[in-house]
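S.K.: Below is my_file12.csv; it holds CSV, C-alpha atoms.
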chain,number,residue,atom,x,y,z
A,868,MET,CA,0.0,0.0,0.0
A,869,SER,CA,1.5,3.4,-1.0
A,870,GLY,CA,2.1,6.0,1.7
A,871,GLY,CA,-1.0,8.0,2.6
A,872,LYS,CA,-3.5,5.7,0.9
A,873,LYS,CA,-6.5,4.7,2.9
A,874,TYR,CA,-8.8,1.8,2.3
A,875,ALA,CA,-12.5,2.6,2.0
A,876,VAL,CA,-13.6,-0.4,4.1
A,877,GLY,CA,-11.5,-2.6,6.3
A,878,MET,CA,-12.4,-5.3,8.8
A,879,TYR,CA,-10.7,-6.9,11.8
A,880,GLY,CA,-12.1,-9.9,13.6
A,881,GLY,CA,-11.6,-11.9,16.7
A,882,SER,CA,-13.2,-13.6,19.7
A,883,PHE,CA,-11.7,-11.1,22.2
A,884,ASN,CA,-12.0,-13.6,24.9
A,885,PRO,CA,-10.7,-11.5,26.6
A,886,LEU,CA,-9.7,-8.4,24.7
A,887,HIS,CA,-6.0,-7.5,25.3
A,888,LEU,CA,-3.5,-4.8,24.4
A,889,GLY,CA,-2.5,-6.7,21.3
A,890,HIS,CA,-6.0,-6.6,19.9
A,891,LEU,CA,-6.2,-2.9,20.8
A,892,GLU,CA,-3.0,-2.1,19.0
A,893,CYS,CA,-4.2,-3.9,15.8
A,894,ILE,CA,-7.5,-2.0,16.0
A,895,ILE,CA,-5.8,1.3,16.3
A,896,LYS,CA,-3.4,0.7,13.4
A,897,ALA,CA,-6.2,-0.8,11.2
A,898,ALA,CA,-8.5,2.2,11.9
A,899,GLY,CA,-5.7,4.5,10.8
A,900,LEU,CA,-5.5,2.8,7.4
A,901,CYS,CA,-9.3,2.8,6.7
A,902,ARG,CA,-12.0,5.4,6.2
A,903,GLU,CA,-14.3,2.8,7.8
A,904,LEU,CA,-13.2,-0.2,9.9
A,905,PHE,CA,-15.6,-3.0,10.9
A,906,ILE,CA,-14.7,-5.0,14.0
A,907,VAL,CA,-16.2,-8.5,13.8
A,908,ILE,CA,-16.8,-9.9,17.3
A,909,SER,CA,-17.2,-13.7,17.3
A,910,TYR,CA,-18.9,-15.3,20.3
A,911,ARG,CA,-20.3,-18.5,21.7
A,912,GLU,CA,-23.3,-18.8,24.0
A,913,ASN,CA,-21.7,-21.0,26.6
A,914,ALA,CA,-19.8,-20.8,29.9
A,915,THR,CA,-16.4,-20.7,28.3
A,916,ASP,CA,-17.1,-17.4,26.5
A,917,ILE,CA,-17.4,-13.9,27.9
A,918,PRO,CA,-20.9,-12.6,27.2
A,919,VAL,CA,-21.0,-10.9,23.8
A,920,ARG,CA,-22.6,-7.7,25.2
A,921,VAL,CA,-19.5,-7.3,27.5
A,922,LYS,CA,-17.2,-7.7,24.5
A,923,ILE,CA,-19.2,-5.1,22.6
A,924,ARG,CA,-18.9,-2.7,25.5
A,925,TRP,CA,-15.2,-3.2,25.6
A,926,VAL,CA,-14.7,-2.5,21.9
A,927,TYR,CA,-17.0,0.5,21.9
A,928,GLN,CA,-15.5,2.2,24.9
A,929,LEU,CA,-12.0,1.7,23.5
A,930,THR,CA,-12.8,3.0,20.0
A,931,LYS,CA,-15.7,5.5,20.3
A,932,HIS,CA,-13.2,8.4,20.2
A,933,ILE,CA,-11.7,7.2,16.9
A,934,GLY,CA,-14.9,7.8,14.9
A,935,ASN,CA,-14.6,5.4,12.0
A,936,VAL,CA,-15.0,2.1,13.9
A,937,ARG,CA,-18.2,0.0,13.5
A,938,ILE,CA,-19.0,-3.2,15.4
A,939,ILE,CA,-20.8,-6.3,14.1
A,940,THR,CA,-21.1,-9.8,15.7
A,941,LEU,CA,-20.7,-13.3,14.4
A,942,LYS,CA,-22.0,-16.3,16.4
A,943,ASP,CA,-19.8,-19.3,16.4
A,944,ARG,CA,-21.3,-22.7,15.8
A,945,VAL,CA,-18.4,-24.7,17.2
A,946,ASN,CA,-17.0,-25.0,20.7
A,947,ASN,CA,-13.3,-24.5,19.9
A,948,LYS,CA,-11.0,-23.1,17.2
A,949,ALA,CA,-9.8,-26.6,16.2
A,950,ASP,CA,-13.4,-27.5,15.1
A,951,TYR,CA,-13.7,-24.4,13.0
A,952,THR,CA,-13.1,-26.0,9.6
A,953,GLU,CA,-13.7,-24.8,6.0
A,954,GLU,CA,-17.2,-26.2,5.9
A,955,TYR,CA,-18.2,-23.2,8.2
A,956,TRP,CA,-16.1,-20.6,6.5
A,957,THR,CA,-18.2,-19.7,3.5
A,958,GLU,CA,-21.4,-19.3,5.5
A,959,ASP,CA,-19.8,-17.1,8.0
A,960,CYS,CA,-18.1,-15.0,5.4
A,961,ASN,CA,-21.4,-14.4,3.6
A,962,GLU,CA,-23.0,-13.3,6.9
A,963,VAL,CA,-20.1,-10.9,7.6
A,964,LYS,CA,-20.4,-9.4,4.0
A,965,GLU,CA,-24.1,-9.0,4.4
A,966,LYS,CA,-23.8,-7.2,7.7
A,967,ILE,CA,-21.1,-4.9,6.3
A,968,GLY,CA,-23.1,-4.3,3.2
A,969,LYS,CA,-20.4,-2.9,1.0
A,970,PRO,CA,-17.2,-4.1,-0.7
A,971,ILE,CA,-14.4,-5.0,1.8
A,972,ASP,CA,-11.0,-3.6,0.6
A,973,ALA,CA,-8.8,-4.9,3.4
A,974,VAL,CA,-8.8,-7.7,6.0
A,975,PHE,CA,-6.6,-7.1,9.0
A,976,CYS,CA,-5.3,-9.8,11.3
A,977,GLY,CA,-2.9,-10.1,14.1
A,978,SER,CA,0.4,-12.0,13.6
A,979,ASP,CA,-1.2,-15.2,15.2
A,980,TYR,CA,-2.8,-15.7,11.8
A,981,ASP,CA,-1.2,-16.3,8.3
A,982,GLU,CA,-2.3,-16.5,4.7
A,983,ASN,CA,-3.9,-19.9,5.3
A,984,SER,CA,-6.4,-18.5,7.8
A,985,PHE,CA,-10.2,-18.1,7.3
A,986,TRP,CA,-9.7,-14.3,7.2
A,987,ASN,CA,-7.5,-14.5,4.0
A,988,LYS,CA,-9.1,-17.4,2.1
A,989,CYS,CA,-12.7,-16.2,2.3
A,990,TYR,CA,-12.3,-12.6,1.4
A,991,GLU,CA,-11.0,-12.7,-2.2
A,992,GLY,CA,-10.3,-9.3,-3.7
A,993,ALA,CA,-9.4,-7.7,-0.3
A,994,ASP,CA,-5.8,-7.1,0.7
A,995,PHE,CA,-4.8,-9.3,3.5
A,996,ILE,CA,-2.7,-7.4,6.1
A,997,VAL,CA,-1.0,-9.0,9.0
A,998,LEU,CA,-0.2,-6.6,11.9
A,999,PRO,CA,2.5,-7.5,14.4
A,1000,ARG,CA,0.9,-8.3,17.8
A,1001,ASP,CA,3.8,-8.7,20.2
A,1002,ARG,CA,3.5,-11.2,23.0
A,1003,TYR,CA,-0.2,-10.9,24.0
A,1004,ASN,CA,-2.3,-14.0,23.8
A,1005,SER,CA,-5.9,-14.6,25.1
A,1006,THR,CA,-5.3,-18.3,25.8
A,1007,GLU,CA,-2.4,-17.4,28.1
A,1008,ILE,CA,-4.5,-14.8,29.8
A,1009,ARG,CA,-7.3,-17.3,30.5
A,1010,LYS,CA,-4.8,-19.7,32.0
A,1011,ASP,CA,-3.6,-17.1,34.5
A,1012,ILE,CA,-5.7,-13.9,34.5
A,1013,TYR,CA,-3.9,-12.1,37.4
A,1014,GLY,CA,-0.5,-13.2,36.2
A,1015,HIS,CA,-1.2,-11.4,32.9
A,1016,TRP,CA,-3.1,-8.4,34.4
A,1017,ASP,CA,-0.9,-5.9,32.6
A,1018,TRP,CA,-1.8,-7.4,29.2
A,1019,MET,CA,-5.4,-6.0,29.4
A,1020,PRO,CA,-6.9,-2.5,29.2
A,1021,GLN,CA,-8.4,-1.2,32.4
A,1022,ILE,CA,-12.0,-1.6,31.2
A,1023,VAL,CA,-11.3,-5.3,30.6
A,1024,ARG,CA,-9.6,-5.7,33.9
A,1025,SER,CA,-12.7,-4.5,35.8
A,1026,TYR,CA,-14.6,-7.5,34.4
A,1027,PHE,CA,-12.2,-9.8,36.2
A,1028,THR,CA,-11.8,-7.8,39.4
A,1029,LYS,CA,-12.6,-9.7,42.6
A,1030,LYS,CA,-15.0,-8.1,45.1
A,1031,VAL,CA,-14.3,-8.4,48.8
A,1032,LEU,CA,-16.8,-7.2,51.4
A,1033,LEU,CA,-15.8,-6.4,55.0
A,1034,THR,CA,-18.7,-6.5,57.3
A,1035,GLY,CA,-19.7,-7.0,61.0
A,1036,GLY,CA,-20.9,-5.0,63.9
A,1037,GLU,CA,-19.9,-1.6,65.1
A,1038,SER,CA,-16.3,-1.0,66.2
A,1039,ALA,CA,-15.0,-4.2,64.7
A,1040,GLY,CA,-12.3,-2.4,62.8
A,1041,LYS,CA,-13.9,-2.7,59.4
A,1042,SER,CA,-13.0,0.8,58.1
A,1043,THR,CA,-9.3,0.6,59.1
A,1044,LEU,CA,-8.9,-2.9,57.8
A,1045,THR,CA,-10.6,-2.0,54.5
A,1046,ILE,CA,-8.2,0.9,53.9
A,1047,ASN,CA,-5.1,-1.1,55.0
A,1048,LEU,CA,-6.0,-3.9,52.6
A,1049,ALA,CA,-6.6,-1.5,49.7
A,1050,ASN,CA,-3.3,0.1,50.3
A,1051,TYR,CA,-1.5,-3.2,50.6
A,1052,PHE,CA,-3.0,-4.6,47.4
A,1053,ASN,CA,-2.6,-1.3,45.6
A,1054,THR,CA,-6.2,-0.8,44.7
A,1055,VAL,CA,-9.3,1.3,45.5
A,1056,TYR,CA,-12.0,0.8,48.1
A,1057,LEU,CA,-15.5,1.9,48.9
A,1058,GLU,CA,-15.8,3.6,52.3
A,1059,GLU,CA,-18.9,3.3,54.5
A,1060,VAL,CA,-21.3,5.7,52.8
A,1061,GLY,CA,-23.7,5.8,55.7
A,1062,ARG,CA,-21.4,7.3,58.3
A,1063,ASP,CA,-21.6,10.9,57.3
A,1064,LEU,CA,-25.2,10.7,56.1
A,1065,SER,CA,-26.3,9.2,59.5
A,1066,GLU,CA,-25.2,12.3,61.3
A,1067,LEU,CA,-27.0,14.9,59.2
A,1068,SER,CA,-29.3,15.5,62.3
A,1069,GLY,CA,-26.4,15.1,64.7
A,1070,THR,CA,-27.3,11.5,65.6
A,1071,ASP,CA,-28.7,8.5,63.8
A,1072,VAL,CA,-31.6,8.5,66.2
A,1073,TYR,CA,-33.1,11.4,64.3
A,1074,MET,CA,-32.4,10.2,60.7
A,1075,LEU,CA,-35.1,10.9,58.1
A,1076,PRO,CA,-36.4,8.1,55.9
A,1077,GLU,CA,-34.8,9.7,52.9
A,1078,ASP,CA,-31.4,9.5,54.6
A,1079,PHE,CA,-31.6,5.7,54.5
A,1080,THR,CA,-32.7,5.8,50.9
A,1081,ARG,CA,-29.8,7.9,50.0
A,1082,ILE,CA,-27.3,5.7,51.9
A,1083,LEU,CA,-28.6,2.6,50.0
A,1084,LEU,CA,-28.5,4.1,46.6
A,1085,GLU,CA,-25.3,6.1,46.9
A,1086,HIS,CA,-23.4,3.1,48.2
A,1087,LYS,CA,-24.4,0.9,45.3
A,1088,ALA,CA,-23.8,3.6,42.7
A,1089,LYS,CA,-20.3,4.3,44.2
A,1090,GLU,CA,-19.5,0.6,44.1
A,1091,MET,CA,-20.3,0.4,40.4
A,1092,ARG,CA,-18.1,3.4,39.6
A,1093,LEU,CA,-15.1,2.5,41.8
A,1094,ILE,CA,-14.8,-1.1,40.7
A,1095,GLU,CA,-13.9,0.2,37.2
A,1096,GLN,CA,-10.8,1.7,38.7
A,1097,SER,CA,-9.7,-1.4,40.7
A,1098,ASN,CA,-6.5,-3.4,40.5
A,1099,LYS,CA,-7.3,-7.1,40.6
A,1100,VAL,CA,-9.4,-6.8,43.8
A,1101,PHE,CA,-11.9,-4.2,45.2
A,1102,PHE,CA,-12.6,-3.7,48.9
A,1103,GLU,CA,-16.0,-2.7,50.2
A,1104,ASP,CA,-16.7,-1.4,53.7
A,1105,THR,CA,-20.2,-2.7,54.6
A,1106,ASP,CA,-23.1,-2.9,52.3
A,1107,CYS,CA,-26.9,-2.7,52.2
A,1108,LEU,CA,-27.5,-5.4,54.8
A,1109,ILE,CA,-25.8,-3.3,57.4
A,1110,THR,CA,-28.2,-0.5,56.6
A,1111,ARG,CA,-31.0,-3.1,56.8
A,1112,PHE,CA,-29.8,-4.0,60.3
A,1113,PHE,CA,-29.9,-0.4,61.5
A,1114,LEU,CA,-33.3,0.1,60.1
A,1115,ASP,CA,-34.5,-2.7,62.3
A,1116,PHE,CA,-32.4,-1.7,65.3
A,1117,LEU,CA,-33.6,1.9,65.3
A,1118,GLU,CA,-37.2,0.7,65.0
A,1119,ASP,CA,-38.1,3.4,62.5
A,1120,ALA,CA,-41.8,3.4,61.9
A,1121,GLU,CA,-41.3,4.4,58.3
A,1122,ALA,CA,-38.6,1.8,57.6
A,1123,GLU,CA,-40.7,-0.6,55.5
A,1124,LYS,CA,-39.9,0.9,52.0
A,1125,ASN,CA,-36.2,1.2,52.8
A,1126,SER,CA,-36.0,-2.3,54.2
A,1127,ALA,CA,-37.6,-3.5,50.9
A,1128,LEU,CA,-35.0,-1.5,49.0
A,1129,ALA,CA,-32.1,-2.9,51.0
A,1130,ASP,CA,-33.4,-6.5,50.3
A,1131,ALA,CA,-33.8,-5.7,46.6
A,1132,ILE,CA,-30.2,-4.4,46.4
A,1133,ALA,CA,-28.9,-7.4,48.3
A,1134,GLN,CA,-30.3,-9.6,45.4
A,1135,PHE,CA,-28.1,-7.7,43.0
A,1136,ASN,CA,-25.0,-7.9,45.2
A,1137,ASP,CA,-22.4,-10.6,44.7
A,1138,TYR,CA,-19.0,-11.0,46.3
A,1139,ASP,CA,-16.1,-13.2,45.7
A,1140,LEU,CA,-15.2,-13.1,49.3
A,1141,ILE,CA,-16.9,-11.8,52.5
A,1142,LEU,CA,-14.9,-11.2,55.6
A,1143,PHE,CA,-17.0,-11.0,58.7
A,1144,LEU,CA,-15.2,-9.2,61.6
A,1145,GLU,CA,-15.9,-10.6,65.0
A,1146,PRO,CA,-16.5,-8.2,67.9
A,1147,ASP,CA,-13.5,-9.2,69.9
A,1148,VAL,CA,-11.4,-6.1,69.7
A,1149,GLU,CA,-11.8,-3.2,72.1
A,1150,TRP,CA,-14.9,-1.0,71.7
A,1151,VAL,CA,-14.1,2.5,70.5
A,1152,GLN,CA,-16.7,5.3,70.8
A,1153,ASP,CA,-16.1,7.0,67.5
A,1154,GLY,CA,-18.8,9.5,66.7
A,1155,ASP,CA,-22.3,8.4,67.6
A,1156,ARG,CA,-21.9,4.6,68.1
A,1157,SER,CA,-24.7,2.9,70.0
A,1158,GLU,CA,-24.0,2.1,73.7
A,1159,VAL,CA,-26.9,-0.4,73.5
A,1160,ILE,CA,-24.9,-2.3,70.9
A,1161,ALA,CA,-21.7,-1.9,72.9
A,1162,ALA,CA,-23.4,-3.6,75.9
A,1163,ASP,CA,-24.1,-6.8,74.0
A,1164,ARG,CA,-21.8,-6.8,70.9
A,1165,LYS,CA,-22.0,-10.6,70.4
A,1166,LYS,CA,-25.8,-10.6,70.3
A,1167,TYR,CA,-25.9,-7.9,67.6
A,1168,SER,CA,-23.1,-9.4,65.7
A,1169,GLU,CA,-24.9,-12.7,65.4
A,1170,MET,CA,-28.0,-10.8,64.2
A,1171,ILE,CA,-26.0,-9.3,61.4
A,1172,LYS,CA,-24.6,-12.7,60.5
A,1173,LYS,CA,-28.1,-14.0,60.2
A,1174,LEU,CA,-29.0,-11.3,57.7
A,1175,TYR,CA,-26.3,-12.6,55.4
A,1176,THR,CA,-26.9,-16.4,55.9
A,1177,ASP,CA,-30.7,-16.0,55.5
A,1178,ARG,CA,-29.9,-14.5,52.0
A,1179,GLY,CA,-27.5,-17.2,51.0
A,1180,PHE,CA,-24.2,-15.4,51.6
A,1181,THR,CA,-21.2,-17.3,53.0
A,1182,PHE,CA,-18.3,-15.6,54.7
A,1183,LYS,CA,-15.0,-16.1,56.4
A,1184,THR,CA,-14.7,-14.9,60.0
A,1185,ILE,CA,-11.9,-12.7,61.1
A,1186,SER,CA,-10.9,-12.4,64.8
A,1187,GLY,CA,-8.1,-11.6,67.1
A,1188,ASP,CA,-6.0,-8.5,67.5
A,1189,TYR,CA,-5.6,-6.0,64.7
A,1190,ASN,CA,-2.4,-7.5,63.3
A,1191,SER,CA,-3.8,-11.0,63.3
A,1192,ARG,CA,-6.9,-9.7,61.5
A,1193,PHE,CA,-4.8,-8.1,58.8
A,1194,GLU,CA,-2.7,-11.3,58.4
A,1195,GLN,CA,-5.8,-13.4,58.1
A,1196,ALA,CA,-7.4,-11.1,55.6
A,1197,VAL,CA,-4.3,-10.9,53.4
A,1198,LYS,CA,-4.1,-14.7,53.4
A,1199,TYR,CA,-7.7,-15.0,52.2
A,1200,VAL,CA,-7.4,-12.3,49.5
A,1201,THR,CA,-4.1,-13.7,48.3
A,1202,GLU,CA,-5.7,-17.2,47.9
A,1203,LEU,CA,-8.6,-15.5,46.0
A,1204,ILE,CA,-6.4,-13.8,43.3
A,1205,GLY,CA,-3.7,-16.5,43.3
Do you think you could lay out the structure here as structure tokens?

M.R.:
Amino acid sequence: MSGGKKYAVGMYGGSFNPLHLGHLECIIKAAGLCRELFIVISYRENATDIPVRVKIRWVYQLTKHIGNVRIITLKDRVNNKADYTEEYWTEDCNEVKEKIGKPIDAVFCGSDYDENSFWNKCYEGADFIVLPRDRYNSTEIRKDIYGHWDWMPQIVRSYFTKKVLLTGGESAGKSTLTINLANYFNTVYLEEVGRDLSELSGTDVYMLPEDFTRILLEHKAKEMRLIEQSNKVFFEDTDCLITRFFLDFLEDAEAEKNSALADAIAQFNDYDLILFLEPDVEWVQDGDRSEVIAADRKKYSEMIKKLYTDRGFTFKTISGDYNSRFEQAVKYVTELIG
């Protein structure tokens, strides 16, 4: 291709399972050589494949600023690449051509393909262009996600981020341990949203119903935003079921709607690890903590546990002094991310 020439229509395809920096480099280079570049995302509807809507989101978010990239999908009818023989090629090629709807001038591939590939043999009349793709490989990533973490763009990493919830009763050291773990694992964390909002009237005793609604909604919204910035693991200080506990504890006559909201959010919550902190460290009166709870910490801690077990959540218990708690937590998280 002579310098400065651009193809009218190009295409670049792959399964992007997962998408890595090698894919991204090829897309950027191919887009720079075409007036219009079509990304063909192949997918399978089984447990071995990342959902196609997730793949579409990745490609769109990484290319929307370029302006000339279009996305189409191609459903695989086989379960692995070895089974993808020539009998399927023509049908898939015709489907791709139909979806693009105009002559294809260039077919781009990473250097893991050669002239014998489907992409070259089925698109006669189009230039076949192999783009160097360095060391990146989706198969290797799937074998060891966290060992190849730097091979993936941040938006892809967030899909594989592990969520760790720290929960338990008041003054169990949740906030301090959450921050310590986030710093140790070089990642972000979600602080307890309800703390400041519970003191808008000076004490949680005089909270308004809308304060609880705001706590529940803001906590979930912040979680969804922060996890996109995480590094392998994301730490969360309490969740909606702690708010649910305090709705019951404060005996708010108007709590019914907020309790239903807390239960609804709990159905959407999923964690890769829950660490439940036992109430066996010294009680610290920090702010407006309840002296009623302080007088029988074990009782209220067990009530919180029941909220989780009744909803099908399992957890690891953390106990002992602060150093022991940190060591136990690091052990569990390290096992989680390998």

S.K.: Could you give me, as a tab-separated table (two decimals) with C-alpha atoms, in the frame of the given file, the residues that have an atom at most 8 Å away from the point (-10.4, 4.7, 45.4) in the coordinates of the file, using all atoms listed in the file?

M.R.:
chain	number	residue	atom	x	y	z
A	1054	THR	CA	-6.20	-0.80	44.70
A	1055	VAL	CA	-9.30	1.30	45.50
A	1056	TYR	CA	-12.00	0.80	48.10
A	1057	LEU	CA	-15.50	1.90	48.90
A	1093	LEU	CA	-15.10	2.50	41.80
A	1096	GLN	CA	-10.80	1.70	38.70
A	1097	SER	CA	-9.70	-1.40	40.70

S.K.: Could you state the separation of CA of His1015 (chain A) and CA of Arg944 (chain A) in Å, given to one decimal place?

M.R.: 28.7 Å

S.K.: In Å, with one decimal, what is the gap from CA of Asp1137 (chain A) to CA of Leu1083 (chain A)?

M.R.: 15.5 Å

S.K.: Residues at most 10 Å from Tyr1199 (chain A), counting only C-alpha atoms, excluding those fewer than 3 positions away in the same chain, as a ChimeraX atom specification?

M.R.: /A:1031,1140-1142,1183,1193-1196,1202-1205

S.K.: Residues within 12 Å of Asp1115 (chain A), please, as a list in words. Count only C-alpha atoms; anything in the same chain fewer than 6 positions from it doesn't count.

M.R.: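 These residues fall inside the cut-off: Phe1079, Leu1108, Ile1109, Glu1121, Ala1122, Glu1123, Asn1125, Ser1126, Ala1127, Ala1129, Tyr1167, Met1170, Ile1171 and Leu1174 of chain A.
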
S.K.: Nearest residue to Arg1002 (chain A) out of A:Leu888, A:Ala898, A:Cys989, A:Leu1032, using only C-alpha atoms?

M.R.: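 Closest to Arg1002 (chain A), using only C-alpha atoms: A:Leu888.
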
S.K.: Pull the neighbourhood of (-12.4, -3.6, 25.0) for me: all residues within 6 Å in file coordinates, counting only C-alpha atoms, as a VMD selection string.

M.R.: chain A and resid 886 925 to 926 929 1023

S.K.: Which is closer to Tyr874 (chain A) than all the others in A:Phe1101, A:Phe1113, A:Phe975, A:Tyr955, using only C-alpha atoms?

M.R.: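 Among the listed residues, the smallest separation from Tyr874 (chain A) belongs to A:Phe975.
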
S.K.: Using all atoms listed in the file, find the one residue out of A:Thr1043, A:Thr1028, A:Lys896, A:Trp1018 that sits nearest to Thr1006 (chain A).

M.R.: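 Of A:Thr1043, A:Thr1028, A:Lys896, A:Trp1018, the one nearest Thr1006 (chain A), counting all atoms listed in the file, is A:Trp1018.
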
S.K.: So how far away is CA of Gly992 (chain A) from CA of Ile971 (chain A), in Å?

M.R.: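 These two atoms are separated by 8.1 Å.
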
S.K.: Within 12 Å of Tyr1013 (chain A), counting all atoms listed in the file, which residues qualify if same-chain residues fewer than 3 places away don't, as a count of residues only?

M.R.: 21

S.K.: For each of A:Lys922, A:His932, A:Arg1000, A:Arg1081, take the minimum atom-to-atom distance to Leu891 (chain A), counting all atoms listed in the file, then give the residue where this is smallest.

M.R.: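 Counting all atoms listed in the file, the residue closest to Leu891 (chain A) is A:Arg1000.
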
S.K.: Quick one: everything within 12 Å of Gln928 (chain A), counting only C-alpha atoms, minus sequence neighbours fewer than 6 positions away in the same chain. Send it as a PyMOL selection string.

M.R.: chain A and resi 891+921-922+934+936-938+1020-1023

S.K.: Just write the chosen residues, C-alpha atoms, as a CSV table (one decimal), keeping the file's coordinate frame.

M.R.:
chain,number,residue,atom,x,y,z
A,891,LEU,CA,-6.2,-2.9,20.8
A,921,VAL,CA,-19.5,-7.3,27.5
A,922,LYS,CA,-17.2,-7.7,24.5
A,934,GLY,CA,-14.9,7.8,14.9
A,936,VAL,CA,-15.0,2.1,13.9
A,937,ARG,CA,-18.2,0.0,13.5
A,938,ILE,CA,-19.0,-3.2,15.4
A,1020,PRO,CA,-6.9,-2.5,29.2
A,1021,GLN,CA,-8.4,-1.2,32.4
A,1022,ILE,CA,-12.0,-1.6,31.2
A,1023,VAL,CA,-11.3,-5.3,30.6

S.K.: Please determine, counting only C-alpha atoms, which residue among A:Leu904, A:Ile933, A:Cys1107, A:Val997 has the shortest atom-to-atom distance to Val876 (chain A).

M.R.: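 Looking at the shortest contact to Val876 (chain A), the residue is A:Leu904.
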
S.K.: Could you give me, as a PyMOL selection string, the residues within 7 Å of Lys942 (chain A), counting all atoms listed in the file and dropping anything in the same chain fewer than 2 positions from it?

M.R.: chain A and resi 909-911+940+944

S.K.: When distances are computed from only C-alpha atoms, which of A:Asp943, A:Glu958, A:Asp994, A:Glu1103 shows the smallest separation from Leu900 (chain A)?

M.R.: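 Smallest distance to Leu900 (chain A) is found for A:Asp994.
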
S.K.: Could region 1052-1065 of chain A be completed with N, CA and C atoms and written as a compact mmCIF listing (two decimals), in the frame of the given file, please?

M.R.:
# COMPACT_ATOMS: atom_id res chain seq x y z
N PHE A 1052 -2.81 -4.00 48.71
CA PHE A 1052 -3.00 -4.60 47.40
C PHE A 1052 -3.02 -3.58 46.26
N ASN A 1053 -2.70 -2.34 46.60
CA ASN A 1053 -2.60 -1.30 45.60
C ASN A 1053 -3.81 -1.12 44.75
N THR A 1054 -4.94 -0.95 45.41
CA THR A 1054 -6.20 -0.80 44.70
C THR A 1054 -7.09 0.20 45.38
N VAL A 1055 -8.34 0.29 44.95
CA VAL A 1055 -9.30 1.30 45.50
C VAL A 1055 -10.27 0.55 46.41
N TYR A 1056 -10.98 1.36 47.19
CA TYR A 1056 -12.00 0.80 48.10
C TYR A 1056 -13.16 1.72 48.22
N LEU A 1057 -14.25 1.17 48.70
CA LEU A 1057 -15.50 1.90 48.90
C LEU A 1057 -15.63 2.09 50.45
N GLU A 1058 -15.60 3.34 50.91
CA GLU A 1058 -15.80 3.60 52.30
C GLU A 1058 -17.26 3.46 52.71
N GLU A 1059 -17.52 3.41 53.99
CA GLU A 1059 -18.90 3.30 54.50
C GLU A 1059 -19.65 4.58 54.19
N VAL A 1060 -20.57 4.53 53.27
CA VAL A 1060 -21.30 5.70 52.80
C VAL A 1060 -22.18 6.28 53.94
N GLY A 1061 -22.73 5.40 54.77
CA GLY A 1061 -23.70 5.80 55.70
C GLY A 1061 -23.21 6.63 56.90
N ARG A 1062 -21.90 6.64 57.09
CA ARG A 1062 -21.40 7.30 58.30
C ARG A 1062 -21.70 8.77 58.36
N ASP A 1063 -21.36 9.50 57.32
CA ASP A 1063 -21.60 10.90 57.30
C ASP A 1063 -23.12 11.24 57.19
N LEU A 1064 -23.81 10.45 56.36
CA LEU A 1064 -25.20 10.70 56.10
C LEU A 1064 -26.06 10.42 57.39
N SER A 1065 -25.58 9.54 58.25
CA SER A 1065 -26.30 9.20 59.50
C SER A 1065 -26.24 10.31 60.52
